[in-house]
Amino acid sequence: TANLPWWKTAVGYHIYIPSFSDSNGDGIGDIPGIISRLPYLQSLGVDLIWLSPFYSSPQYDMGYDISDYKSVHPPYGTVSDIQRLIDAAHQHGLKIIFDLVVNHTSHLHEWFQASRSSKSSPKRGWYHWRPAKVDEYGNRKPPNNWMSVFGGSAWEWDDESEEYYLHIYLKEQPDLNWENGELRKAVFEDAVRFWLDRGVDGFRIDTVCIYAKDAGFPDAEVSIPNSEFQLGRKYYADLERNFEYLEEMRGVFESYEGRELVMIGEYSGSTTPEVARRYCGDQGPLDCGFHKQLLDLERTEVSKWVLREPSFELNRLLGVHSEWQKMADREEKAWTTVYLENHDVARSISRFTDDSAEMRGASAKLLAVLMATSSGTLFIYQGQEIGMTSMPKEWGIEEYKDNETLKYYEAVKEGKASGESLEYALSSIKKVARDHGRTPMQWDTSVNAGFTTAVKSWMRVNENYGEVNVEVQNGDGDSVLEFWKDVLKVRKRYWEVFITGRFELVDLGVGKVGDRVGVYWKCAQEENESEKKKALVVLNFSKEKVVMEEVLEKVFGDEERGIDDLELLVSTYPGNDSGTLEAYEARVY
Ligand code: TEU
Ligand code: CA
C-alpha cells in the first residue's frame, strides 16, 4: 500500500458517543469511556476513528445542533478530555476525525441569538431571514413551500424580529448563510482550526452538499401529492456555489502543511455518483464521501416512513452498491467509502438479512464479507462487528428517543402526515427509525451489557446482549467478532484486489438464484495485465441452500469450470468448500 494516502487503506470505526461506553455511571457514554476502549479497537484492526459530535449542544438532534463549537457537552467531558483522546488515539497508532456540523447551528448558539435579536443586528446576515408571504385570506405564510427533512415547513416564524428563518432540519437547527464572508471566516476559525490545532486528523463533514442555497428561494415543484410542503433539494443541494465554498474550506486544511488531513463529506440523498465525482475526483475539494443511497433503500419519494413493497430487494442493494463502487475504478481518479450502518439507520442485519437468534451470526458474517471485499475507505459502525441488531419489534414507542421519530409519530397521531394510519406508522418506525442504530454498545453479560453501571441507561439495551457482546465473542473462533478480525486481515493482505480493485457485478438474471444470491469479481488494477489478481465473491442472501454449480454456470458460461478450479480464500462456514452454499453463507475464491 506504499503509495496510497493513509485514509484509503484505513479501517474506520464510527463511534456514537452517547451509546458507546459510560465511564461514570450516569447512563450516558462519554470521552473517558472511549479512551478506555482504545485497546479493544486496536485489537479489532481499526486504524481510524470517526467521532460523532461532542460539542456543547441542547441535544435536540443529539449534538447535530451545536451551541458552541469550542466547548464540550458536559456529560461527555471537557476540552482536555478531548485532547487526551486525540493523544491517546495517536499513541495507539490510530487516527481520529471529528464531525464538522456547519450547515446549521443550534438556535441557542450565540451567533443565532445575536442574529435574531433584531433586523439590524450585525449578525443578521449570518442566517437566512425572509419576510412572510401573505395568503389569499391575509394570513401569514412561509417564504416558500420547502419541507424540512424532519417534516413540516423548512421556515420558522420569529415573533420578535418578525421574519422567518430557514431550517432544513429541526427548527432548533437554523441554517447558516454561507454567502456571508464573515460567517465563513468564523466557521473556519471556531469549528475547523480550533480542533485542527489540537491535532485531529480531519473531519467527517456533515451535510456537505447543502451549504449553498438559491437565494431567490423559489417554490419547489409539486412531487408529493396533497402536501403543503415539497422537496426543495433542487434549490439547495449540490449548487455550483457549494463547490466554491468547499474549495475555500480545503484551503484551510491545506494550510496545515505536512499533516495529511482528510476531508470526508456526507453527500445528500440526491447526490448522484456523477456529482460525487466532482466533489472527490482528483480536482475536487473533498477526499471522499458517504453516499446515502443504501440508507434510503426502503423509502419512497413521499417520505422516509412510507416504504416500498417489498422493502428489500437484493438486486437493488447490489445495483446501487456497484454503481458507487465504480468510483474506485482507476480511470475515475476518485474515491468512495464503504459502509452499511451509521447512527442514522437501522441495523444492516435486520434490514437486509435475518436477525433471528439462529441466523444473525451467519447474516453478520455475510455482510462483513460484502464490506471487506468492497473498494473504498471502510467504516464499521459500533456494534456492527459483533452483529448488533435493530430494537426488538415488541418494544413500544416509549423506547424511541429520536426527535425525528417522535415528531413523525405525533404528526400521524394528529392527522398531519401523508395519510398513514398510526398502525402503519408504528410498523414503519419499527423498521427504519434511526433509534435502531443508537441502542447502547453491548460489551459483556453484566447488567446493561457493561455499557453503564447506572440502573437506567439513556436508551434501553437490546435483550440479545447475552450472546451479542464483545466479551463472549472475543477469542471464540466461530464468533462474528473474530470473523471480522480475520476478514479485515484478508482485506489488507490483498489490498490491490479488495481495497482498490475494480468491482464487477455478475448478472445472475432474475429468478430463483438471481433474486437471492449476489456474485461479483474484484480485480486488481495493475498496469501489467498478466499480474492481475482477482477474486470471486459469492453471497447467499437467503435461508435456502444454493447449489454452487448453478451459480458458477452463470459466472463462467460454457467454460465448464467448477469449484475444483477455484481456490477458496474465505468461507463464513469455516472451511466449507462443498457444492452447496449454506444459509446466508458467503465465500471468496
Ligand atoms: O444527516 C443528514 C441527513 O439529511 C440524513 O441522514 C437524515 O438525518 C436522515 O436521513 C433522516 O432519517 C446528518 C446527520 O448524520 C444526522 O444525524 C443529523 O440529524 C443531520 O445531518 C442534521 O445535522
Ligand atoms: Ca457518562
# chains A, B, ... in the order shown; residues from 1 in each chain; ligands from 1

$ residues_near_ligand --ligand "ligand 1" --cutoff "6 Å" --atoms "only C-alpha atoms and all ligand atoms" --output "list in words"
Asp61, Tyr64, Tyr169, Asp206, Thr207 and Asp344 of chain A

$ closest_atom_pairs --of "stretch 245-342 of chain A" --to "stretch 373-376 of chain A" --cutoff "12 Å" --atoms "only C-alpha atoms" --output "tab-separated table"
residue	atom	partner	partner_atom	distance
A:Ile264	CA	A:Gly376	CA	11.9
A:Asp287	CA	A:Gly376	CA	11.1
A:Cys288	CA	A:Gly376	CA	8.8
A:Gly289	CA	A:Gly376	CA	9.9
A:Phe290	CA	A:Gly376	CA	10.4
A:Leu318	CA	A:Ser374	CA	11.3
A:His321	CA	A:Ser374	CA	9.1
A:Ser322	CA	A:Ser374	CA	9.2
A:Glu323	CA	A:Ser375	CA	11.8
A:Trp324	CA	A:Ser375	CA	9.5
A:Gln325	CA	A:Ser375	CA	6.4
A:Lys326	CA	A:Ser375	CA	8.9
A:Met327	CA	A:Gly376	CA	8.6
A:Ala328	CA	A:Ser375	CA	6.4
A:Asp329	CA	A:Ser375	CA	9.0
A:Arg330	CA	A:Ser375	CA	11.1
A:Ala334	CA	A:Gly376	CA	9.8
A:Trp335	CA	A:Gly376	CA	6.3
A:Thr336	CA	A:Gly376	CA	4.9
A:Thr337	CA	A:Gly376	CA	4.7
A:Val338	CA	A:Gly376	CA	5.6
A:Tyr339	CA	A:Gly376	CA	9.3
A:Leu340	CA	A:Ser374	CA	11.4

$ residues_near_ligand --ligand "ligand 2" --cutoff "8 Å" --atoms "only C-alpha atoms and all ligand atoms" --output "JSON, numbers by chain"
{"A": [18, 21, 22, 23, 24, 25, 26, 27, 28, 29, 30, 33, 75, 76, 452]}

$ residues_around --residues "A:Ala191" --least-positions-apart "4" --cutoff "8 Å" --atoms "only C-alpha atoms" --output "PyMOL selection string"
chain A and resi 69-70+100+102+186-187+195

$ write_last_selection --atoms "N, CA and C atoms" --output "tab-separated table (two decimals), in the first residue's frame"
chain	number	residue	atom	x	y	z
A	69	TYR	N	-18.94	25.66	19.25
A	69	TYR	CA	-18.01	24.72	18.61
A	69	TYR	C	-16.77	24.46	19.44
A	70	LYS	N	-16.47	25.38	20.36
A	70	LYS	CA	-15.18	25.31	21.06
A	70	LYS	C	-15.30	24.76	22.48
A	100	LEU	N	-17.90	17.55	11.56
A	100	LEU	CA	-17.96	19.00	11.34
A	100	LEU	C	-19.37	19.36	10.89
A	102	VAL	N	-21.58	22.26	10.11
A	102	VAL	CA	-21.57	23.71	9.89
A	102	VAL	C	-22.55	24.16	8.81
A	186	ALA	N	-15.66	32.85	10.51
A	186	ALA	CA	-15.93	32.41	11.88
A	186	ALA	C	-16.02	30.89	11.96
A	187	VAL	N	-16.65	30.29	10.96
A	187	VAL	CA	-16.76	28.82	10.92
A	187	VAL	C	-15.37	28.19	10.84
A	195	TRP	N	-9.93	22.81	16.28
A	195	TRP	CA	-9.66	21.39	16.53
A	195	TRP	C	-8.47	20.86	15.74

$ closest_residue --among "A:Lys123, A:His167, A:Lys8, A:Arg299" --to "A:Met263" --atoms "only C-alpha atoms"
A:Lys8

$ atom_distance --atom1 "atom CA of A:Ala276" --atom2 "atom CA of A:Ala372"
22.2 Å

$ closest_residue --among "A:Arg124, A:Thr445, A:Val412, A:Gln473" --to "A:Tyr424" --atoms "only C-alpha atoms"
A:Val412

$ residues_around --residues "A:Gly77" --least-positions-apart "6" --cutoff "9 Å" --atoms "only C-alpha atoms" --output "list of chain:residue names"
A:Asp30, A:Ile31, A:Pro32, A:Phe54

$ residues_around --residues "stretch 544-553 of chain A" --least-positions-apart "3" --cutoff "6 Å" --atoms "only C-alpha atoms" --output "MDAnalysis selection string"
chainID A and resid 556:557 579:583

$ decode --residues "stretch 84-109 of chain A" --atoms "N, CA and C atoms" --output "CSV table (one decimal), in the first residue's frame"
chain,number,residue,atom,x,y,z
A,84,ARG,N,-7.0,14.6,25.5
A,84,ARG,CA,-6.4,13.3,25.9
A,84,ARG,C,-6.8,12.2,25.0
A,85,LEU,N,-8.0,12.3,24.4
A,85,LEU,CA,-8.5,11.3,23.5
A,85,LEU,C,-7.6,11.3,22.2
A,86,ILE,N,-7.4,12.5,21.7
A,86,ILE,CA,-6.6,12.7,20.5
A,86,ILE,C,-5.2,12.1,20.7
A,87,ASP,N,-4.6,12.4,21.8
A,87,ASP,CA,-3.3,12.0,22.1
A,87,ASP,C,-3.2,10.5,22.3
A,88,ALA,N,-4.2,10.0,23.1
A,88,ALA,CA,-4.2,8.5,23.3
A,88,ALA,C,-4.4,7.7,22.0
A,89,ALA,N,-5.3,8.2,21.2
A,89,ALA,CA,-5.6,7.5,19.9
A,89,ALA,C,-4.2,7.5,19.1
A,90,HIS,N,-3.5,8.6,19.1
A,90,HIS,CA,-2.3,8.6,18.3
A,90,HIS,C,-1.3,7.7,18.9
A,91,GLN,N,-1.3,7.6,20.3
A,91,GLN,CA,-0.3,6.7,20.9
A,91,GLN,C,-0.6,5.2,20.6
A,92,HIS,N,-1.9,5.0,20.3
A,92,HIS,CA,-2.3,3.6,19.9
A,92,HIS,C,-2.2,3.4,18.4
A,93,GLY,N,-1.6,4.4,17.7
A,93,GLY,CA,-1.5,4.2,16.3
A,93,GLY,C,-2.7,4.4,15.5
A,94,LEU,N,-3.7,5.1,16.2
A,94,LEU,CA,-5.0,5.3,15.5
A,94,LEU,C,-5.1,6.8,15.1
A,95,LYS,N,-5.7,7.0,13.9
A,95,LYS,CA,-6.0,8.4,13.5
A,95,LYS,C,-7.4,8.7,14.0
A,96,ILE,N,-7.8,9.9,14.2
A,96,ILE,CA,-9.1,10.3,14.7
A,96,ILE,C,-9.6,11.5,13.9
A,97,ILE,N,-10.9,11.4,13.5
A,97,ILE,CA,-11.5,12.5,12.8
A,97,ILE,C,-12.8,12.9,13.6
A,98,PHE,N,-13.2,14.2,13.5
A,98,PHE,CA,-14.4,14.6,14.2
A,98,PHE,C,-15.5,14.9,13.2
A,99,ASP,N,-16.7,15.2,13.7
A,99,ASP,CA,-17.8,15.5,12.9
A,99,ASP,C,-17.9,17.1,12.8
A,100,LEU,N,-17.9,17.6,11.6
A,100,LEU,CA,-18.0,19.0,11.3
A,100,LEU,C,-19.4,19.4,10.9
A,101,VAL,N,-20.1,20.0,11.8
A,101,VAL,CA,-21.5,20.3,11.5
A,101,VAL,C,-21.7,21.8,11.3
A,102,VAL,N,-21.6,22.3,10.1
A,102,VAL,CA,-21.6,23.7,9.9
A,102,VAL,C,-22.6,24.2,8.8
A,103,ASN,N,-23.5,23.3,8.5
A,103,ASN,CA,-24.6,23.8,7.7
A,103,ASN,C,-25.6,24.6,8.5
A,104,HIS,N,-25.6,24.2,9.8
A,104,HIS,CA,-26.5,24.9,10.7
A,104,HIS,C,-25.9,24.9,12.1
A,105,THR,N,-26.5,25.7,13.0
A,105,THR,CA,-26.0,25.7,14.4
A,105,THR,C,-27.3,25.4,15.2
A,106,SER,N,-27.1,25.3,16.5
A,106,SER,CA,-28.3,25.3,17.4
A,106,SER,C,-28.9,26.7,17.4
A,107,HIS,N,-30.2,26.8,17.7
A,107,HIS,CA,-30.9,28.1,17.9
A,107,HIS,C,-30.3,28.8,19.1
A,108,LEU,N,-29.6,28.0,20.0
A,108,LEU,CA,-29.1,28.6,21.2
A,108,LEU,C,-27.6,29.1,21.0
A,109,HIS,N,-27.0,28.9,19.8
A,109,HIS,CA,-25.7,29.4,19.5
A,109,HIS,C,-25.7,30.9,19.7
